[in-house]
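For reference, input.cif is printed below; it contains mmCIF, C-alpha atoms.
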```cif
data_my_file
#
loop_
_atom_site.label_atom_id
_atom_site.label_comp_id
_atom_site.auth_asym_id
_atom_site.auth_seq_id
_atom_site.Cartn_x
_atom_site.Cartn_y
_atom_site.Cartn_z
CA MET E 1 53.37 107.36 -6.21
CA THR E 2 50.04 108.74 -7.36
CA SER E 3 47.06 106.69 -8.54
CA ASP E 4 43.58 107.52 -9.77
CA GLN E 5 40.64 106.10 -7.91
CA TYR E 6 37.83 104.24 -9.63
CA SER E 7 35.12 106.41 -11.11
CA SER E 8 32.08 105.75 -13.27
CA PRO E 9 32.32 106.09 -17.05
CA SER E 10 31.01 109.32 -18.51
CA THR E 11 30.16 108.24 -22.07
CA ALA E 12 27.16 109.42 -24.04
CA ASP E 13 23.75 107.91 -24.87
CA GLY E 14 23.37 104.17 -24.19
CA ALA E 15 27.00 103.50 -23.26
CA ASP E 16 26.72 105.42 -19.99
CA LYS E 17 23.96 103.05 -18.87
CA ALA E 18 25.98 99.90 -19.55
CA PRO E 19 27.98 99.82 -16.26
CA ASP E 20 24.80 100.12 -14.19
CA ARG E 21 23.12 97.36 -16.22
CA VAL E 22 26.14 95.09 -15.72
CA ARG E 23 26.23 95.71 -11.96
CA LYS E 24 22.54 94.87 -11.66
CA LEU E 25 22.99 91.68 -13.66
CA PHE E 26 25.86 90.52 -11.44
CA ALA E 27 23.97 91.40 -8.25
CA LYS E 28 20.91 89.48 -9.39
CA ALA E 29 23.03 86.51 -10.48
CA GLU E 30 24.68 86.37 -7.06
CA SER E 31 21.26 86.37 -5.37
CA VAL E 32 20.26 83.23 -7.29
CA ALA E 33 23.71 81.61 -7.47
CA GLY E 34 23.79 77.98 -8.59
CA THR E 35 20.60 78.15 -10.65
CA PRO E 36 20.05 78.22 -14.45
CA GLU E 37 18.77 81.76 -14.03
CA ALA E 38 22.11 82.81 -12.53
CA GLU E 39 23.97 81.36 -15.51
CA ALA E 40 21.74 83.24 -17.95
CA LEU E 41 22.23 86.49 -16.02
CA LEU E 42 26.00 86.06 -15.95
CA GLU E 43 26.01 85.37 -19.67
CA ARG E 44 24.16 88.61 -20.37
CA ALA E 45 26.54 90.51 -18.09
CA TYR E 46 29.67 89.20 -19.81
CA VAL E 47 28.36 89.90 -23.30
CA LEU E 48 27.28 93.43 -22.38
CA LEU E 49 30.59 94.09 -20.66
CA ALA E 50 32.55 93.04 -23.75
CA LYS E 51 30.34 95.01 -26.12
CA TYR E 52 30.48 98.08 -23.89
CA GLY E 53 34.27 98.17 -24.11
CA VAL E 54 34.42 97.67 -27.86
CA ASP E 55 31.67 100.17 -28.59
CA GLU E 56 33.59 102.83 -26.67
CA VAL E 57 36.72 102.01 -28.67
CA LEU E 58 34.92 102.49 -31.96
CA ALA E 59 33.10 105.62 -30.80
CA ARG E 60 36.31 107.32 -29.77
CA SER E 61 37.37 110.28 -31.88
CA GLY E 62 40.77 111.55 -30.87
CA ALA E 63 41.84 111.79 -27.23
CA ASP E 64 39.17 111.75 -24.54
CA SER E 65 38.85 110.90 -20.86
CA SER E 66 38.02 107.25 -21.57
CA SER E 67 41.33 106.70 -23.39
CA GLU E 68 43.71 108.06 -20.74
CA VAL E 69 45.92 105.62 -18.85
CA ILE E 70 45.00 105.45 -15.17
CA VAL E 71 45.70 103.31 -12.11
CA LEU E 72 42.98 101.70 -10.01
CA ASP E 73 43.78 100.79 -6.39
CA HIS E 74 41.90 97.56 -5.68
CA VAL E 75 42.23 96.64 -2.00
CA VAL E 76 42.21 92.95 -1.10
CA SER E 77 41.54 91.91 2.49
CA GLY E 78 40.25 89.01 4.51
CA ARG E 79 40.98 85.37 3.77
CA TYR E 80 42.53 83.94 0.62
CA GLN E 81 44.17 87.21 -0.39
CA THR E 82 46.56 85.55 -2.83
CA ASP E 83 43.62 83.89 -4.58
CA GLN E 84 41.71 87.15 -4.76
CA VAL E 85 44.77 88.79 -6.30
CA GLY E 86 44.88 85.97 -8.83
CA LEU E 87 41.31 86.70 -9.89
CA VAL E 88 41.96 90.43 -10.34
CA SER E 89 45.13 89.72 -12.30
CA SER E 90 43.26 87.33 -14.58
CA LEU E 91 40.58 89.95 -15.23
CA ALA E 92 43.21 92.61 -15.94
CA ALA E 93 45.04 90.41 -18.45
CA ALA E 94 41.80 89.60 -20.28
CA MET E 95 40.88 93.28 -20.53
CA HIS E 96 44.09 94.73 -21.93
CA CYS E 97 45.44 95.94 -18.56
CA ARG E 98 48.38 95.13 -16.30
CA ALA E 99 48.35 94.42 -12.57
CA VAL E 100 50.95 95.09 -9.89
CA THR E 101 50.54 93.91 -6.29
CA ALA E 102 51.87 95.41 -3.07
CA THR E 103 51.40 94.45 0.59
CA THR E 104 50.66 97.15 3.15
CA GLY E 105 51.94 97.19 6.70
CA GLU E 106 48.45 96.35 7.93
CA GLY E 107 48.37 92.91 6.34
CA VAL E 108 46.21 93.80 3.35
CA ARG E 109 47.17 93.77 -0.29
CA VAL E 110 46.57 96.32 -2.99
CA VAL E 111 46.33 95.37 -6.65
CA TYR E 112 47.20 98.32 -8.86
CA VAL E 113 45.42 97.86 -12.17
CA VAL E 114 47.07 99.93 -14.91
CA GLY E 115 45.45 100.60 -18.26
CA VAL E 116 43.20 102.71 -20.40
CA ARG E 117 40.35 104.10 -18.33
CA ARG E 118 37.48 102.29 -20.05
CA HIS E 119 39.21 98.91 -19.51
CA VAL E 120 40.35 99.63 -15.96
CA GLU E 121 36.82 100.59 -14.97
CA ARG E 122 35.49 97.31 -16.34
CA VAL E 123 38.13 95.38 -14.37
CA GLY E 124 37.12 97.22 -11.21
CA MET E 125 33.47 96.50 -11.83
CA LEU E 126 34.05 92.80 -12.41
CA ALA E 127 36.51 92.38 -9.55
CA GLY E 128 34.00 93.82 -7.11
CA ALA E 129 31.24 91.54 -8.37
CA LEU E 130 33.13 88.28 -8.87
CA THR E 131 35.33 88.19 -5.77
CA GLY E 132 32.32 87.53 -3.56
CA VAL E 133 30.94 84.97 -6.01
CA MET E 134 34.26 83.11 -6.07
CA LEU E 135 34.77 83.11 -2.31
CA ALA E 136 31.21 81.94 -1.66
CA ALA E 137 31.52 79.14 -4.19
CA ALA E 138 34.87 78.07 -2.74
CA ALA E 139 33.41 77.97 0.78
CA ARG E 140 30.78 75.47 -0.41
CA GLN E 141 33.42 73.08 -1.71
CA ARG E 142 33.88 69.72 0.02
CA PRO E 143 37.26 68.07 -0.63
CA SER E 144 37.89 64.41 -1.15
CA PRO E 145 39.15 62.40 1.84
CA GLY E 146 42.78 63.15 2.55
CA VAL E 147 42.72 66.62 0.98
CA SER E 148 42.58 69.66 3.25
CA ALA E 149 39.73 72.10 2.78
CA VAL E 150 42.12 75.03 2.32
CA THR E 151 44.14 73.24 -0.36
CA HIS E 152 41.01 72.22 -2.23
CA ARG E 153 39.47 75.69 -2.07
CA LYS E 154 42.63 77.39 -3.29
CA SER E 155 42.78 74.93 -6.16
CA PHE E 156 39.12 75.65 -6.92
CA MET E 157 39.74 79.41 -7.01
CA THR E 158 42.72 78.96 -9.32
CA GLY E 159 40.51 77.09 -11.77
CA PHE E 160 37.74 79.65 -11.39
CA SER E 161 40.06 82.60 -12.08
CA PHE E 162 41.63 80.92 -15.09
CA GLU E 163 38.29 80.09 -16.69
CA VAL E 164 36.79 83.52 -16.05
CA GLY E 165 39.82 85.14 -17.66
CA ARG E 166 39.69 82.78 -20.62
CA ARG E 167 36.00 83.44 -21.13
CA LEU E 168 36.37 87.20 -20.93
CA ALA E 169 39.24 87.21 -23.40
CA ALA E 170 37.09 85.18 -25.79
CA ALA E 171 34.19 87.59 -25.30
CA GLU E 172 36.48 90.50 -26.14
CA ARG E 173 37.61 88.78 -29.34
CA GLY E 174 34.02 87.98 -30.23
CA ALA E 175 32.88 91.57 -29.70
CA VAL E 176 35.69 92.82 -31.93
CA ALA E 177 34.86 90.31 -34.66
CA GLU E 178 31.20 91.36 -34.65
CA SER E 179 31.91 95.11 -34.66
CA HIS E 180 31.47 97.20 -37.81
CA ASP E 181 35.24 97.79 -37.99
CA ALA E 182 36.90 94.64 -36.68
CA THR E 183 40.34 95.54 -38.00
CA GLY E 184 40.27 99.01 -36.49
CA ALA E 185 38.95 97.79 -33.15
CA GLY E 186 41.59 95.07 -32.97
CA LEU E 187 44.39 97.53 -33.66
CA ILE E 188 43.15 99.95 -31.02
CA LEU E 189 42.83 97.23 -28.39
CA ARG E 190 46.38 96.06 -29.09
CA SER E 191 47.51 99.65 -28.75
CA ASP E 192 45.62 99.91 -25.46
CA ALA E 193 47.46 96.82 -24.13
CA GLN E 194 50.80 98.34 -25.16
CA ARG E 195 49.92 101.61 -23.44
CA ALA E 196 49.01 99.68 -20.29
CA GLU E 197 52.41 97.95 -20.38
CA GLN E 198 54.19 101.26 -20.80
CA GLY E 199 52.08 102.83 -18.07
CA MET E 200 53.02 100.06 -15.67
CA ARG E 201 56.72 100.49 -16.40
CA THR E 202 56.47 104.24 -15.93
CA ARG E 203 54.47 104.20 -12.70
CA PHE E 204 56.03 101.08 -11.17
CA PRO E 205 59.59 100.91 -12.52
CA SER E 206 60.78 98.58 -9.75
CA ALA E 207 57.98 96.04 -10.22
CA VAL E 208 59.17 92.48 -10.89
CA ARG E 209 57.29 89.57 -12.38
CA GLY E 210 55.90 87.28 -9.68
CA THR E 211 56.76 83.61 -9.51
CA ARG E 212 54.20 81.03 -10.49
CA ARG E 213 52.76 79.56 -7.31
CA ARG E 214 52.03 75.90 -6.81
CA VAL E 215 48.48 74.79 -6.07
CA GLY E 216 46.87 71.40 -5.73
CA MET E 217 44.81 69.89 -8.52
CA SER E 218 41.88 68.57 -6.49
CA GLY E 219 39.56 71.51 -7.15
CA ILE E 220 40.83 72.82 -10.50
CA ASP E 221 38.14 71.17 -12.62
CA ASP E 222 35.37 72.17 -10.22
CA GLY E 223 36.61 75.75 -10.30
CA ARG E 224 36.72 75.81 -14.07
CA ARG E 225 33.20 74.44 -14.27
CA ALA E 226 32.02 77.15 -11.88
CA GLY E 227 33.70 79.77 -14.05
CA SER E 228 32.43 78.47 -17.38
CA SER E 229 28.71 79.18 -17.39
CA VAL E 230 28.84 80.91 -20.78
CA ASP E 231 29.31 79.15 -24.13
CA LEU E 232 30.80 82.00 -26.11
CA GLY E 233 30.85 80.08 -29.37
CA GLY E 234 27.31 78.74 -29.36
CA ARG E 235 23.69 79.75 -29.60
CA ARG E 236 23.51 80.99 -26.03
CA PHE E 237 26.04 83.73 -26.78
CA ASP E 238 24.29 84.75 -29.99
CA GLY E 239 20.92 84.81 -28.27
CA ALA E 240 22.19 86.97 -25.44
CA ARG E 241 23.67 89.45 -27.89
CA ARG E 242 20.36 89.70 -29.74
CA GLN E 243 18.51 90.26 -26.45
CA LEU E 244 20.83 93.08 -25.45
CA GLY E 245 20.58 94.60 -28.90
CA ALA E 246 22.73 97.64 -28.17
#
```
Please render this file's structure as structure tokens.
Amino acid sequence: MTSDQYSSPSTADGADKAPDRVRKLFAKAESVAGTPEAEALLERAYVLLAKYGVDEVLARSGADSSSEVIVLDHVVSGRYQTDQVGLVSSLAAAMHCRAVTATTGEGVRVVYVVGVRRHVERVGMLAGALTGVMLAAAARQRPSPGVSAVTHRKSFMTGFSFEVGRRLAAAERGAVAESHDATGAGLILRSDAQRAEQGMRTRFPSAVRGTRRRVGMSGIDDGRRAGSSVDLGGRRFDGARRQLGA
């Protein structure tokens, strides 16, 4: 089984600067986590990330390296591996990709993200940035009396992953709607999702759908609040898009 490792996009003009700008925004947001400034930085990062993907779709002319189907090996280690996998899977689903998980003999998990290169690279970028944010936020959680810390934190991370995925999917739809060819962009993104599905079946023919795991409810709402710093339908989203301007 062969897989392609993560590599930086190689698009022209302003698009090639977008990944670096997004990484810097996430890094700065993490350094001031829990403040209004962090929320504003995350908002800008999400909007830019969505616009970066759609702009590449519309700029594409025929086959190029950004439209090939690839596989990213995202290694998950340390504590709360199942919850980290859940975050990566949520990101993949929101960005037109598919995710398959395997456990190595050394007790670590690998999430194989399958999809069109430009989407897979965005998933890898976000997974690297948000895993630390999620784990740090979960560690600060204090459960109610009678609820174990582990149960509460896992519940929190489930809510966080769900809300981040929901927000990203909405940002993708918003970027398509605001593009100069919304119909064309929408069709291409649906095609990208279908190609990711086919790529997963081809590369991982024995993969089976995982069962839905049970988690407590004590931290769900807190996790969703932590993952919902961007109002994609309001003035904050519009203002961020005007600031980015590209």
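The nearest approach to E:Leu49 among the residues E:Lys28, E:Arg142, E:His74, E:Arg23, with all atoms listed in the file taken into account, belongs to E:Arg23.
Among the candidates E:Ser77, E:Ser89, E:Thr183, E:Ser67, the residue lying nearest to E:Arg118 is E:Ser67 (atoms considered: all atoms listed in the file).
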Original post:
What gap, in Å, lies between atom CA of E:Asp181 and atom CA of E:Ala169?
Top reply: 18.5 Å
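Among the candidate residues E:Pro36, E:Gly227, E:Gly199, E:Gly159, the one lying nearest to E:Val113 is E:Gly199, with distances computed using only C-alpha atoms.
Compared by their closest atoms to E:Ser191, and using only C-alpha atoms, the residues E:Arg79, E:Arg117, E:Lys51, E:His96 rank with E:His96 nearest.
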Original post:
Suppose you want the space between atom CA of E:Arg153 and atom CA of E:Gly78; what is it in Å?
Top reply: 14.9 Å
**OP:** Write out as a list in words each polymer residue whose atoms come within 12 Å of E:Gly132, counting only C-alpha atoms; drop sequence neighbours fewer than 3 positions from it.
**Re:** Phe26, Ala27, Ala29, Glu30, Ser31, Ala33, Val76, Ser77, Gly78, Arg79, Tyr80, Asp83, Gln84, Leu87, Leu126, Ala127, Gly128, Ala129, Leu135, Ala136, Ala137, Ala138, Ala139 and Met157 of chain E
Original post:
So which residues get picked by the PyMOL selection byres ((chain E and resi 190) around 12) here, written as a ChimeraX atom specification?
Top reply: /E:57,94-97,115-116,172-173,176,183-189,191-197
